[in-house]
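Content type mmCIF, C-alpha atoms and all ligand atoms, from the file start-v5.cif:
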data_query
#
loop_
_atom_site.label_atom_id
_atom_site.label_comp_id
_atom_site.auth_asym_id
_atom_site.auth_seq_id
_atom_site.Cartn_x
_atom_site.Cartn_y
_atom_site.Cartn_z
CA MET A 1 -0.69 13.25 29.24
CA THR A 2 -1.80 13.10 25.57
CA LYS A 3 -0.03 10.63 23.29
CA LYS A 4 -0.54 10.02 19.57
CA ILE A 5 -0.89 6.39 18.61
CA VAL A 6 -1.19 5.33 14.97
CA LEU A 7 -3.14 2.13 14.34
CA LEU A 8 -2.35 0.09 11.23
CA PRO A 9 -4.91 -2.76 11.22
CA GLY A 10 -3.80 -4.17 7.84
CA ASP A 11 -5.25 -7.41 6.49
CA GLY A 12 -6.90 -10.67 7.54
CA VAL A 13 -7.20 -10.94 11.32
CA GLY A 14 -5.22 -7.67 11.70
CA PRO A 15 -8.31 -5.45 12.14
CA GLU A 16 -9.89 -7.93 14.59
CA VAL A 17 -6.89 -8.08 16.94
CA VAL A 18 -6.09 -4.35 16.66
CA ARG A 19 -9.68 -3.49 17.61
CA GLU A 20 -9.31 -5.38 20.92
CA SER A 21 -5.91 -3.85 21.63
CA ARG A 22 -7.23 -0.34 21.03
CA ALA A 23 -10.05 -1.03 23.49
CA VAL A 24 -7.47 -2.25 26.02
CA LEU A 25 -5.42 0.95 25.57
CA GLU A 26 -8.59 3.04 25.98
CA GLN A 27 -9.27 1.26 29.26
CA VAL A 28 -5.68 1.94 30.37
CA GLY A 29 -6.31 5.61 29.54
CA ARG A 30 -9.45 5.69 31.71
CA THR A 31 -7.89 3.80 34.60
CA PHE A 32 -4.64 5.79 34.73
CA GLY A 33 -5.88 9.17 33.51
CA HIS A 34 -4.13 9.43 30.14
CA THR A 35 -5.48 10.56 26.80
CA PHE A 36 -4.47 8.51 23.82
CA GLU A 37 -5.25 10.02 20.43
CA PHE A 38 -5.75 7.26 17.88
CA SER A 39 -5.64 7.59 14.12
CA GLU A 40 -6.04 4.71 11.70
CA HIS A 41 -4.10 4.39 8.46
CA ALA A 42 -3.84 1.96 5.58
CA ILE A 43 -0.99 -0.53 5.07
CA GLY A 44 -0.46 -3.78 3.20
CA GLY A 45 -3.10 -5.31 0.95
CA ALA A 46 -5.77 -2.89 2.19
CA ALA A 47 -3.51 0.00 1.14
CA ILE A 48 -2.83 -1.56 -2.27
CA ASP A 49 -6.60 -1.67 -2.75
CA SER A 50 -7.27 1.88 -1.51
CA HIS A 51 -4.07 3.73 -2.53
CA ASP A 52 -2.34 1.44 -5.03
CA ASP A 53 0.61 1.46 -2.62
CA PRO A 54 1.32 -0.93 0.33
CA LEU A 55 2.80 1.99 2.33
CA PRO A 56 1.15 5.26 1.23
CA LYS A 57 3.13 8.39 2.03
CA SER A 58 0.28 9.60 4.26
CA THR A 59 0.72 6.44 6.39
CA LEU A 60 4.48 6.78 6.73
CA ASP A 61 4.13 10.50 7.54
CA ALA A 62 1.56 9.74 10.25
CA CYS A 63 3.83 7.04 11.75
CA GLN A 64 6.79 9.41 11.77
CA ALA A 65 4.73 12.07 13.59
CA ALA A 66 3.25 9.62 16.15
CA ASP A 67 4.53 8.61 19.58
CA ALA A 68 4.04 4.95 18.66
CA VAL A 69 2.50 2.62 16.08
CA LEU A 70 0.40 -0.49 16.69
CA LEU A 71 0.11 -2.83 13.72
CA GLY A 72 -2.01 -5.93 13.06
CA ALA A 73 -0.73 -7.93 10.11
CA VAL A 74 -0.40 -7.67 6.34
CA GLY A 75 -0.83 -10.05 3.43
CA GLY A 76 -3.26 -12.64 2.19
CA PRO A 77 -4.34 -14.79 -0.74
CA LYS A 78 -5.88 -11.84 -2.61
CA TRP A 79 -2.42 -10.34 -3.20
CA ASP A 80 -0.38 -13.56 -3.31
CA ASP A 81 0.17 -14.06 -7.04
CA PRO A 82 4.00 -14.46 -7.32
CA LYS A 83 3.90 -12.44 -10.54
CA ARG A 84 2.58 -9.35 -8.72
CA LYS A 85 4.93 -6.40 -8.81
CA VAL A 86 3.66 -4.93 -5.55
CA ARG A 87 2.97 -7.05 -2.46
CA PRO A 88 1.48 -6.17 0.94
CA GLU A 89 4.64 -7.35 2.75
CA GLN A 90 6.68 -4.63 0.98
CA GLY A 91 4.67 -2.07 2.94
CA LEU A 92 5.73 -3.56 6.26
CA LEU A 93 9.37 -3.80 5.21
CA ALA A 94 9.34 -0.19 3.97
CA LEU A 95 7.81 0.93 7.29
CA ARG A 96 10.51 -0.84 9.34
CA ARG A 97 13.23 0.58 7.13
CA GLY A 98 11.61 4.04 6.88
CA LEU A 99 11.50 4.39 10.68
CA GLY A 100 14.99 2.90 11.15
CA LEU A 101 13.69 0.06 13.35
CA TYR A 102 16.70 -2.22 13.34
CA ALA A 103 15.87 -4.31 16.41
CA ASN A 104 12.81 -6.50 16.84
CA LEU A 105 12.29 -7.69 20.42
CA ARG A 106 10.27 -10.91 20.63
CA PRO A 107 9.83 -12.16 24.19
CA VAL A 108 8.76 -15.80 24.57
CA ARG A 109 7.38 -16.71 27.97
CA VAL A 110 5.41 -19.81 28.79
CA HIS A 111 2.39 -19.11 30.96
CA PRO A 112 2.26 -21.91 33.58
CA LYS A 113 -1.40 -22.59 32.82
CA LEU A 114 -0.62 -22.98 29.11
CA ALA A 115 2.28 -25.45 29.34
CA SER A 116 -0.16 -28.17 28.32
CA ALA A 117 -1.31 -26.12 25.27
CA SER A 118 2.04 -26.87 23.63
CA PRO A 119 2.37 -30.06 21.60
CA LEU A 120 5.72 -30.45 23.39
CA LYS A 121 5.89 -32.18 26.77
CA ALA A 122 5.01 -29.75 29.56
CA ASP A 123 8.31 -30.38 31.39
CA LYS A 124 10.20 -29.15 28.30
CA VAL A 125 8.35 -25.83 28.13
CA GLU A 126 7.63 -24.91 31.76
CA GLY A 127 9.67 -21.93 32.94
CA VAL A 128 10.85 -20.89 29.45
CA ASP A 129 11.69 -17.17 29.32
CA ILE A 130 13.59 -16.13 26.20
CA LEU A 131 14.07 -12.70 24.69
CA PHE A 132 14.80 -12.83 20.97
CA VAL A 133 16.49 -9.77 19.49
CA ARG A 134 16.01 -10.07 15.75
CA GLU A 135 17.92 -7.74 13.41
CA LEU A 136 15.19 -6.13 11.31
CA THR A 137 16.51 -3.83 8.58
CA GLY A 138 19.33 -5.82 7.00
CA GLY A 139 20.23 -9.22 5.63
CA LEU A 140 18.43 -11.08 2.85
CA TYR A 141 15.30 -8.96 3.22
CA PHE A 142 17.02 -5.82 1.98
CA GLY A 143 20.34 -6.81 0.29
CA GLN A 144 21.07 -5.70 -3.26
CA PRO A 145 21.17 -6.97 -5.94
CA ARG A 146 17.81 -8.65 -5.91
CA LEU A 147 16.76 -9.71 -9.37
CA ARG A 148 15.21 -12.16 -11.74
CA GLU A 149 16.72 -12.62 -15.21
CA GLN A 150 17.07 -14.93 -18.20
CA ARG A 151 20.60 -16.18 -18.56
CA ASP A 152 21.92 -18.99 -20.80
CA GLY A 153 18.40 -20.26 -21.39
CA LYS A 154 17.69 -20.49 -17.66
CA VAL A 155 15.70 -18.27 -15.31
CA ARG A 156 17.96 -16.97 -12.58
CA ALA A 157 16.87 -15.31 -9.30
CA VAL A 158 19.20 -13.54 -6.86
CA ASP A 159 18.80 -12.37 -3.26
CA THR A 160 21.74 -10.91 -1.39
CA LEU A 161 22.65 -11.48 2.26
CA GLU A 162 24.63 -8.44 3.30
CA TYR A 163 25.60 -6.93 6.67
CA THR A 164 28.00 -4.20 7.70
CA ASP A 165 29.88 -4.39 10.99
CA GLU A 166 27.97 -1.29 12.14
CA GLU A 167 24.59 -2.96 11.52
CA VAL A 168 25.68 -5.98 13.55
CA ARG A 169 27.26 -3.91 16.32
CA ARG A 170 24.19 -1.81 17.14
CA VAL A 171 21.78 -4.74 17.43
CA VAL A 172 24.22 -6.96 19.35
CA ARG A 173 24.97 -4.08 21.72
CA LEU A 174 21.25 -3.73 22.44
CA ALA A 175 21.03 -7.48 23.13
CA PHE A 176 23.85 -7.22 25.71
CA ARG A 177 22.12 -4.24 27.35
CA LEU A 178 18.83 -6.10 27.55
CA ALA A 179 20.55 -9.14 29.08
CA GLY A 180 21.82 -7.01 32.00
CA PRO A 181 18.61 -6.96 34.07
CA ARG A 182 17.81 -10.57 33.02
CA ARG A 183 19.94 -13.71 33.48
CA LYS A 184 23.00 -12.13 31.83
CA ARG A 185 23.46 -14.66 29.03
CA VAL A 186 23.49 -13.85 25.33
CA THR A 187 23.42 -16.51 22.61
CA SER A 188 24.47 -15.11 19.24
CA VAL A 189 23.09 -17.29 16.46
CA ASP A 190 24.71 -17.51 13.03
CA LYS A 191 25.87 -19.86 10.29
CA ALA A 192 29.55 -18.96 10.55
CA ASN A 193 30.65 -22.39 9.31
CA VAL A 194 29.30 -21.46 5.85
CA LEU A 195 28.43 -17.77 5.44
CA GLU A 196 30.84 -14.84 5.23
CA SER A 197 28.17 -12.50 6.64
CA SER A 198 27.91 -14.82 9.66
CA ARG A 199 31.67 -14.78 10.18
CA LEU A 200 31.47 -10.98 10.33
CA TRP A 201 28.49 -11.30 12.68
CA ARG A 202 30.42 -13.62 15.05
CA GLU A 203 33.60 -11.50 15.00
CA THR A 204 31.60 -8.36 15.71
CA ALA A 205 29.60 -9.96 18.54
CA THR A 206 32.86 -11.10 20.14
CA GLU A 207 34.29 -7.58 19.86
CA VAL A 208 31.17 -5.89 21.32
CA HIS A 209 31.20 -8.42 24.18
CA LYS A 210 34.37 -6.73 25.51
CA GLU A 211 32.15 -3.78 26.57
CA PHE A 212 29.99 -6.10 28.72
CA ALA A 213 32.25 -7.93 31.17
CA ASP A 214 29.35 -9.16 33.36
CA ILE A 215 27.40 -10.80 30.51
CA ALA A 216 28.18 -14.29 29.20
CA LEU A 217 28.33 -14.70 25.42
CA GLU A 218 28.03 -17.97 23.53
CA HIS A 219 27.83 -18.52 19.78
CA GLN A 220 25.58 -21.14 18.27
CA LEU A 221 24.95 -22.29 14.72
CA VAL A 222 21.39 -21.73 13.62
CA ASP A 223 20.59 -25.34 12.73
CA SER A 224 21.52 -26.76 16.12
CA CYS A 225 19.87 -23.73 17.77
CA ALA A 226 16.60 -24.75 16.11
CA MET A 227 16.95 -28.15 17.76
CA ARG A 228 18.00 -26.81 21.17
CA LEU A 229 14.88 -24.61 21.19
CA ILE A 230 12.85 -27.81 21.37
CA THR A 231 15.12 -29.92 23.57
CA ALA A 232 16.44 -27.36 26.09
CA ALA A 233 14.63 -24.04 25.67
CA ARG A 234 15.11 -23.10 29.32
CA SER A 235 18.88 -22.89 28.71
CA PHE A 236 18.39 -19.67 26.67
CA ASP A 237 18.14 -16.14 28.04
CA VAL A 238 18.69 -13.57 25.24
CA ILE A 239 19.12 -14.76 21.64
CA VAL A 240 20.40 -12.26 19.08
CA THR A 241 20.39 -13.10 15.41
CA GLU A 242 20.06 -11.83 11.85
CA ASN A 243 16.77 -10.98 10.19
CA MET A 244 15.73 -14.22 8.50
CA PHE A 245 17.06 -16.62 11.16
CA GLY A 246 15.13 -14.56 13.73
CA ASP A 247 11.94 -14.71 11.68
CA ILE A 248 12.06 -18.50 11.47
CA LEU A 249 13.27 -19.27 15.01
CA THR A 250 10.58 -17.11 16.63
CA ASP A 251 7.69 -18.85 14.87
CA GLU A 252 9.29 -22.09 16.06
CA ALA A 253 9.53 -20.69 19.60
CA ALA A 254 5.82 -19.85 19.50
CA VAL A 255 5.21 -23.59 19.80
CA LEU A 256 6.80 -23.46 23.26
CA ALA A 257 4.33 -20.79 24.36
CA GLY A 258 1.37 -22.81 23.07
CA SER A 259 0.21 -20.67 20.12
CA LEU A 260 1.56 -18.25 17.54
CA GLY A 261 -1.30 -15.94 18.54
CA LEU A 262 0.26 -15.29 21.96
CA LEU A 263 3.54 -13.64 21.03
CA PRO A 264 4.09 -9.86 20.90
CA SER A 265 6.93 -7.82 19.49
CA ALA A 266 8.48 -4.37 19.60
CA SER A 267 10.45 -2.95 16.68
CA LEU A 268 12.82 -0.27 17.88
CA GLY A 269 15.45 2.07 16.49
CA ASP A 270 17.42 4.89 18.05
CA GLY A 271 14.35 7.14 18.54
CA THR A 272 11.47 6.53 20.94
CA ASN A 273 8.92 5.92 18.19
CA GLY A 274 8.51 2.16 17.68
CA VAL A 275 6.20 -0.20 15.84
CA TYR A 276 4.44 -2.84 17.94
CA GLU A 277 2.91 -5.93 16.37
CA PRO A 278 2.16 -9.57 17.10
CA ILE A 279 4.65 -11.95 15.47
CA HIS A 280 1.91 -13.82 13.61
CA GLY A 281 0.56 -13.00 10.16
CA SER A 282 -2.87 -12.22 8.77
CA ALA A 283 -4.07 -15.82 9.39
CA PRO A 284 -6.33 -15.92 6.30
CA ASP A 285 -7.63 -19.36 7.33
CA ILE A 286 -9.45 -17.88 10.35
CA ALA A 287 -9.97 -14.24 9.29
CA GLY A 288 -13.43 -12.71 9.67
CA LYS A 289 -14.63 -15.34 12.14
CA ASP A 290 -13.95 -13.50 15.42
CA ILE A 291 -11.86 -16.42 16.69
CA ALA A 292 -8.28 -15.10 16.37
CA ASN A 293 -6.28 -14.82 19.56
CA PRO A 294 -5.79 -11.09 20.35
CA THR A 295 -3.21 -11.77 23.11
CA GLY A 296 -0.10 -11.21 20.96
CA THR A 297 -1.41 -7.79 19.89
CA ILE A 298 -2.62 -6.85 23.39
CA LEU A 299 0.83 -7.72 24.80
CA SER A 300 2.36 -5.69 21.95
CA ALA A 301 0.29 -2.75 23.22
CA ALA A 302 1.85 -3.37 26.65
CA MET A 303 5.30 -3.21 25.06
CA LEU A 304 4.23 0.05 23.37
CA LEU A 305 3.29 1.54 26.75
CA ARG A 306 6.65 0.50 28.20
CA HIS A 307 9.10 1.23 25.38
CA SER A 308 7.62 4.21 23.51
CA LEU A 309 5.50 5.94 26.18
CA GLY A 310 7.60 5.14 29.27
CA LEU A 311 4.44 3.96 31.11
CA THR A 312 5.81 0.99 33.07
CA ALA A 313 2.99 0.59 35.61
CA GLU A 314 0.44 0.75 32.80
CA ALA A 315 2.34 -1.89 30.78
CA GLU A 316 2.45 -4.14 33.83
CA ALA A 317 -1.28 -3.64 34.40
CA VAL A 318 -1.99 -4.95 30.89
CA GLU A 319 0.36 -7.92 31.32
CA ARG A 320 -1.18 -8.73 34.70
CA ALA A 321 -4.69 -8.51 33.23
CA VAL A 322 -3.75 -11.00 30.48
CA ASP A 323 -2.21 -13.35 33.10
CA ASP A 324 -5.32 -13.11 35.28
CA VAL A 325 -7.65 -13.86 32.38
CA ILE A 326 -5.62 -16.92 31.38
CA ASN A 327 -5.45 -18.01 35.04
CA SER A 328 -9.24 -17.76 35.19
CA GLY A 329 -9.50 -20.39 32.43
CA ALA A 330 -10.44 -18.08 29.54
CA ARG A 331 -8.97 -19.19 26.21
CA THR A 332 -9.34 -18.63 22.48
CA ALA A 333 -9.70 -21.65 20.19
CA ASP A 334 -5.95 -21.88 19.45
CA MET A 335 -5.17 -22.26 23.19
CA ALA A 336 -7.96 -24.73 23.83
CA GLY A 337 -5.46 -27.62 24.06
CA ALA A 338 -4.90 -26.48 27.64
CA GLY A 339 -8.58 -26.91 28.52
CA GLY A 340 -10.73 -24.00 29.69
CA GLU A 341 -13.38 -21.96 27.99
CA ALA A 342 -12.88 -21.08 24.28
CA LEU A 343 -14.04 -17.48 23.75
CA SER A 344 -14.35 -15.30 20.66
CA THR A 345 -11.72 -12.63 19.97
CA SER A 346 -14.01 -9.89 21.24
CA ALA A 347 -15.18 -11.80 24.34
CA PHE A 348 -11.55 -12.54 25.28
CA GLY A 349 -10.69 -8.87 24.75
CA GLN A 350 -13.59 -7.85 27.00
CA ARG A 351 -12.28 -10.12 29.77
CA VAL A 352 -8.85 -8.47 29.56
CA ILE A 353 -10.42 -5.00 29.69
CA ALA A 354 -12.46 -5.97 32.77
CA ALA A 355 -9.28 -7.24 34.49
CA ILE A 356 -7.27 -4.00 34.10
CA ARG A 357 -6.65 -2.24 37.39
CA LYS A 358 -4.07 0.05 38.92
P1 LIG A 401 0.17 -16.77 9.85
O1 LIG A 401 0.99 -16.35 11.01
O2 LIG A 401 -0.78 -15.79 9.30
O3 LIG A 401 -0.65 -18.11 10.24
C1 LIG A 401 -0.02 -19.33 10.59
C2 LIG A 401 -1.00 -20.21 11.39
O4 LIG A 401 -1.17 -19.64 12.70
C3 LIG A 401 -2.40 -20.26 10.78
O5 LIG A 401 -2.94 -21.54 10.99
C4 LIG A 401 -3.18 -19.24 11.58
O6 LIG A 401 -4.57 -19.48 11.68
C5 LIG A 401 -2.52 -19.33 12.96
N1 LIG A 401 -2.60 -18.02 13.65
C6 LIG A 401 -1.89 -16.91 13.35
N2 LIG A 401 -2.25 -15.89 14.15
C7 LIG A 401 -3.21 -16.38 14.97
C8 LIG A 401 -3.98 -15.80 16.02
N3 LIG A 401 -3.84 -14.52 16.38
N4 LIG A 401 -4.88 -16.58 16.66
C9 LIG A 401 -5.03 -17.87 16.31
N5 LIG A 401 -4.33 -18.47 15.33
C10 LIG A 401 -3.44 -17.73 14.66
O7 LIG A 401 1.21 -17.26 8.73
P2 LIG A 401 0.97 -17.65 7.17
O8 LIG A 401 -0.32 -18.35 7.03
O9 LIG A 401 2.21 -18.28 6.73
O10 LIG A 401 0.86 -16.24 6.45
C11 LIG A 401 -0.37 -15.61 6.07
C12 LIG A 401 -0.10 -14.21 5.54
O11 LIG A 401 0.39 -13.39 6.61
C13 LIG A 401 0.96 -14.14 4.45
O12 LIG A 401 0.50 -13.24 3.47
C14 LIG A 401 2.19 -13.61 5.14
O13 LIG A 401 3.04 -12.87 4.30
C15 LIG A 401 1.57 -12.72 6.18
N6 LIG A 401 2.39 -12.48 7.37
C16 LIG A 401 2.38 -11.20 7.85
C17 LIG A 401 3.06 -10.91 9.02
C18 LIG A 401 3.03 -9.50 9.53
O14 LIG A 401 2.24 -8.70 9.08
N7 LIG A 401 3.87 -9.15 10.47
C19 LIG A 401 3.71 -11.91 9.71
C20 LIG A 401 3.69 -13.21 9.20
C21 LIG A 401 3.02 -13.49 8.02
C1 LIG A 402 7.08 -11.17 10.51
C2 LIG A 402 6.62 -11.49 9.10
C3 LIG A 402 7.31 -10.55 8.12
C4 LIG A 402 8.81 -10.83 8.21
C5 LIG A 402 6.84 -10.62 6.66
C6 LIG A 402 5.36 -10.50 6.52
C7 LIG A 402 7.53 -9.58 5.83
O1 LIG A 402 6.85 -12.84 8.80
O2 LIG A 402 6.89 -10.02 10.95
O3 LIG A 402 7.59 -12.06 11.19
O4 LIG A 402 9.29 -11.83 7.62
O5 LIG A 402 9.49 -10.07 8.88
MN MN A 403 7.44 -14.02 10.55
#

Show me, as structure tokens, the structure contained in the file I just sent.
Ligand code: NAD
Ligand code: IPM
Ligand code: MN
Amino acid sequence: MTKKIVLLPGDGVGPEVVRESRAVLEQVGRTFGHTFEFSEHAIGGAAIDSHDDPLPKSTLDACQAADAVLLGAVGGPKWDDPKRKVRPEQGLLALRRGLGLYANLRPVRVHPKLASASPLKADKVEGVDILFVRELTGGLYFGQPRLREQRDGKVRAVDTLEYTDEEVRRVVRLAFRLAGPRRKRVTSVDKANVLESSRLWRETATEVHKEFADIALEHQLVDSCAMRLITAARSFDVIVTENMFGDILTDEAAVLAGSLGLLPSASLGDGTNGVYEPIHGSAPDIAGKDIANPTGTILSAAMLLRHSLGLTAEAEAVERAVDDVINSGARTADMAGAGGEALSTSAFGQRVIAAIRK
């Protein structure tokens, strides 16, 4: 079977972690007898430099024609001046919106050997298994108006938090579906005590719940949810929430897993073509040193195999290889709190490749 995979390395550590994930996919191809056709395209700061555009049309066209997209990260100090008209992050947002990827799945599992890598007490993080479903194409990130103006001698800036019932319904419905084969509990997170958009969110979640009699639904306010993630993370199964709350809560949840570098994600819409990326950013503080953790991107490649290519056994082989490598004591610097041997990005990637088997 030949499948077209677009690689978008992006900025900072992006190219370093995508390189390892590509090598892992190539090994999967050899082991299972598939041909993956890779093509690399520019996005983010790199695309601003080469094309004057954070999402060149040629990149979006290639992503639309591909079976799946694997992305590293975008952004960095070079393009960070707040006065800039065009930023790398706009490329990522335009890609998500352009492909209609309204749901971002962010699984958070704590590897037993890494419980001590978390700054939290091991007994708080052991056994954690949460699936975040983050709404990805609405809310504050995309609402209009968005503006900056002079008014009455003051500078005024506006962002708009907007959702339609349809936007809420489709992502909440997906969360209920995904809870079915899991522990059948959905926590819908909002700020319904203050925000009108959250009151619509809560009403809509309650209405969609009627289609899923065997799934339990609870509502939780985002501030106390942030606390419960630290005090009682095991009590969560699936968490569904709006774009910005999901962005913030998942970086917080990375602390449970032991490092931001470990967490993968899948951005999905109604088609089969998704974008797969680690949840972390371009990590400018460690870029170019071959020390970034490639695990989040490698596990994103596993999600790509499962969700866009329908290759379940292959996805499991990658996940098992990562587990085996961590069990063997291999680490990157960010996981070193749990003891073991701190390897470079490429050496860690090599270990994963060597551990892939049918
Ligand atoms: P970041 O996620 O890049 O880094 C936060 C911290 O986590 C840093 O200390 C970094 O070294 C560490 N870290 C991140 N990934 C790691 C990895 N794979 N291995 C080891 N350590 C890792 O967040 P930031 O510093 O706030 O943002 C930097 C840039 O990245 C910004 O321009 C931001 O807009 C961008 N960003 C992009 C994405 C994306 O492309 N999806 C996501 C988040 C942030
Ligand atoms: C993420 C990132 C992005 C987001 C930024 C870079 C636009 O933080 O993927 O989590 O906020 O969605
Ligand atoms: Mn983020």

Please return, as a CSV table (one decimal) with C-alpha atoms, in the coordinates of the input, all polymer residues that have at least one atom within 9 Å of the point (-5.5, -8.8, 4.3); use only C-alpha atoms and the file's own coordinate frame.
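The file below, result31.csv, is the result:
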chain,number,residue,atom,x,y,z
A,10,GLY,CA,-3.8,-4.2,7.8
A,11,ASP,CA,-5.2,-7.4,6.5
A,12,GLY,CA,-6.9,-10.7,7.5
A,13,VAL,CA,-7.2,-10.9,11.3
A,14,GLY,CA,-5.2,-7.7,11.7
A,15,PRO,CA,-8.3,-5.4,12.1
A,44,GLY,CA,-0.5,-3.8,3.2
A,45,GLY,CA,-3.1,-5.3,1.0
A,46,ALA,CA,-5.8,-2.9,2.2
A,73,ALA,CA,-0.7,-7.9,10.1
A,74,VAL,CA,-0.4,-7.7,6.3
A,75,GLY,CA,-0.8,-10.0,3.4
A,76,GLY,CA,-3.3,-12.6,2.2
A,77,PRO,CA,-4.3,-14.8,-0.7
A,78,LYS,CA,-5.9,-11.8,-2.6
A,79,TRP,CA,-2.4,-10.3,-3.2
A,88,PRO,CA,1.5,-6.2,0.9
A,282,SER,CA,-2.9,-12.2,8.8
A,283,ALA,CA,-4.1,-15.8,9.4
A,284,PRO,CA,-6.3,-15.9,6.3
A,287,ALA,CA,-10.0,-14.2,9.3

Closest atom pairs, chain A residues within 9 Å of ligand LIG 402 (chain A), only C-alpha atoms and all ligand atoms, as a Markdown table:
| residue | atom | partner | partner_atom | distance |
| --- | --- | --- | --- | --- |
| A:Ala73 | CA | A:LIG402 | C6 | 7.5 |
| A:Val74 | CA | A:LIG402 | C6 | 6.4 |
| A:Gly75 | CA | A:LIG402 | C6 | 6.9 |
| A:Pro88 | CA | A:LIG402 | C6 | 8.1 |
| A:Glu89 | CA | A:LIG402 | C7 | 4.8 |
| A:Gln90 | CA | A:LIG402 | C7 | 7.0 |
| A:Gly91 | CA | A:LIG402 | C7 | 8.5 |
| A:Leu92 | CA | A:LIG402 | C7 | 6.3 |
| A:Leu93 | CA | A:LIG402 | C7 | 6.1 |
| A:Leu136 | CA | A:LIG402 | O5 | 7.3 |
| A:Tyr141 | CA | A:LIG402 | O4 | 8.0 |
| A:Asn243 | CA | A:LIG402 | O5 | 7.5 |
| A:Met244 | CA | A:LIG402 | O4 | 6.9 |
| A:Gly246 | CA | A:LIG402 | O3 | 8.3 |
| A:Asp247 | CA | A:LIG402 | O3 | 5.1 |
| A:Ile248 | CA | A:LIG402 | O3 | 7.8 |
| A:Thr250 | CA | A:LIG402 | O3 | 8.0 |
| A:Asp251 | CA | A:LIG402 | O3 | 7.7 |
| A:Ser265 | CA | A:LIG402 | O2 | 8.8 |
| A:Glu277 | CA | A:LIG402 | O2 | 7.9 |
| A:Pro278 | CA | A:LIG402 | O2 | 7.8 |
| A:Ile279 | CA | A:LIG402 | O3 | 5.2 |
| A:His280 | CA | A:LIG402 | O3 | 6.4 |
| A:Gly281 | CA | A:LIG402 | C2 | 6.3 |
| A:Ser282 | CA | A:LIG402 | C6 | 8.7 |

How would the residues just chosen look if you wrote them out with C-alpha atoms as an mmCIF file, in the coordinates of the input?
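Full text of selection_8.cif as output:
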data_model
loop_
_atom_site.group_PDB
_atom_site.id
_atom_site.type_symbol
_atom_site.label_atom_id
_atom_site.label_comp_id
_atom_site.auth_asym_id
_atom_site.auth_seq_id
_atom_site.Cartn_x
_atom_site.Cartn_y
_atom_site.Cartn_z
ATOM 1 C CA ALA A 73 -0.730 -7.930 10.110
ATOM 2 C CA VAL A 74 -0.400 -7.670 6.340
ATOM 3 C CA GLY A 75 -0.830 -10.050 3.430
ATOM 4 C CA PRO A 88 1.480 -6.170 0.940
ATOM 5 C CA GLU A 89 4.640 -7.350 2.750
ATOM 6 C CA GLN A 90 6.680 -4.630 0.980
ATOM 7 C CA GLY A 91 4.670 -2.070 2.940
ATOM 8 C CA LEU A 92 5.730 -3.560 6.260
ATOM 9 C CA LEU A 93 9.370 -3.800 5.210
ATOM 10 C CA LEU A 136 15.190 -6.130 11.310
ATOM 11 C CA TYR A 141 15.300 -8.960 3.220
ATOM 12 C CA ASN A 243 16.770 -10.980 10.190
ATOM 13 C CA MET A 244 15.730 -14.220 8.500
ATOM 14 C CA GLY A 246 15.130 -14.560 13.730
ATOM 15 C CA ASP A 247 11.940 -14.710 11.680
ATOM 16 C CA ILE A 248 12.060 -18.500 11.470
ATOM 17 C CA THR A 250 10.580 -17.110 16.630
ATOM 18 C CA ASP A 251 7.690 -18.850 14.870
ATOM 19 C CA SER A 265 6.930 -7.820 19.490
ATOM 20 C CA GLU A 277 2.910 -5.930 16.370
ATOM 21 C CA PRO A 278 2.160 -9.570 17.100
ATOM 22 C CA ILE A 279 4.650 -11.950 15.470
ATOM 23 C CA HIS A 280 1.910 -13.820 13.610
ATOM 24 C CA GLY A 281 0.560 -13.000 10.160
ATOM 25 C CA SER A 282 -2.870 -12.220 8.770
#

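Distances from A:Leu200, A:Leu309, A:Ala226, A:Ile286 to ligand LIG 401 (chain A) were compared using only C-alpha atoms and all ligand atoms, and the smallest one belongs to A:Ile286.
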
Using all atoms listed in the file, which residues of region 9-75 of chain A come within 10 Å of region 300-308 of chain A, and what is the closest atom pair for each, with the distance in Å to one decimal? Give it as CSV, sorted by chain and residue number.
residue,atom,partner,partner_atom,distance
A:Val18,CA,A:Ala301,CA,9.3
A:Ser21,CA,A:Ala301,CA,6.5
A:Arg22,CA,A:Ala301,CA,8.2
A:Val24,CA,A:Ala301,CA,8.3
A:Leu25,CA,A:Ala301,CA,7.2
A:Val28,CA,A:Leu305,CA,9.7
A:Asp67,CA,A:Ser308,CA,6.7
A:Ala68,CA,A:Ser308,CA,6.1
A:Val69,CA,A:Leu304,CA,7.9
A:Leu70,CA,A:Ala301,CA,6.9
A:Leu71,CA,A:Ser300,CA,9.0
A:Gly72,CA,A:Ser300,CA,9.9

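Here the question is which of A:Arg234, A:Leu299, A:Thr160, A:Arg106 gets nearest to ligand MN 403 (chain A) using all atoms listed in the file, and that residue is A:Arg106.
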
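Take the candidates A:Arg19, A:Arg134, A:His219, A:Arg351 and check each one against ligand MN 403 (chain A) using all atoms listed in the file; the shortest distance goes to A:Arg134.
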
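Closest approach to ligand MN 403 (chain A) among A:Ala254, A:Ala115, A:Cys225, A:Ile130: A:Ala254, based on all atoms listed in the file.
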
*Within 12 Å of Lys184 (chain A) using all atoms listed in the file, minus same-chain residues under 3 positions, as a VMD selection string*: chain A and resid 130 to 131 175 to 181 187 209 212 to 218 235 to 239

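When all atoms listed in the file are used to measure the gap to ligand MN 403 (chain A), the shortest distance among A:Ala317, A:Phe245, A:Gln350, A:Arg331 belongs to A:Phe245.
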
*Long-range neighbours of Ala192 (chain A) as an MDAnalysis selection string, 8 Å cut-off, all atoms listed in the file, 4 positions minimum in chain*: chainID A and resid 196:199 202 221

_CA of Gly29 (chain A) to CA of Val110 (chain A), distance in Å rounded to a single decimal_ = 28.0 Å
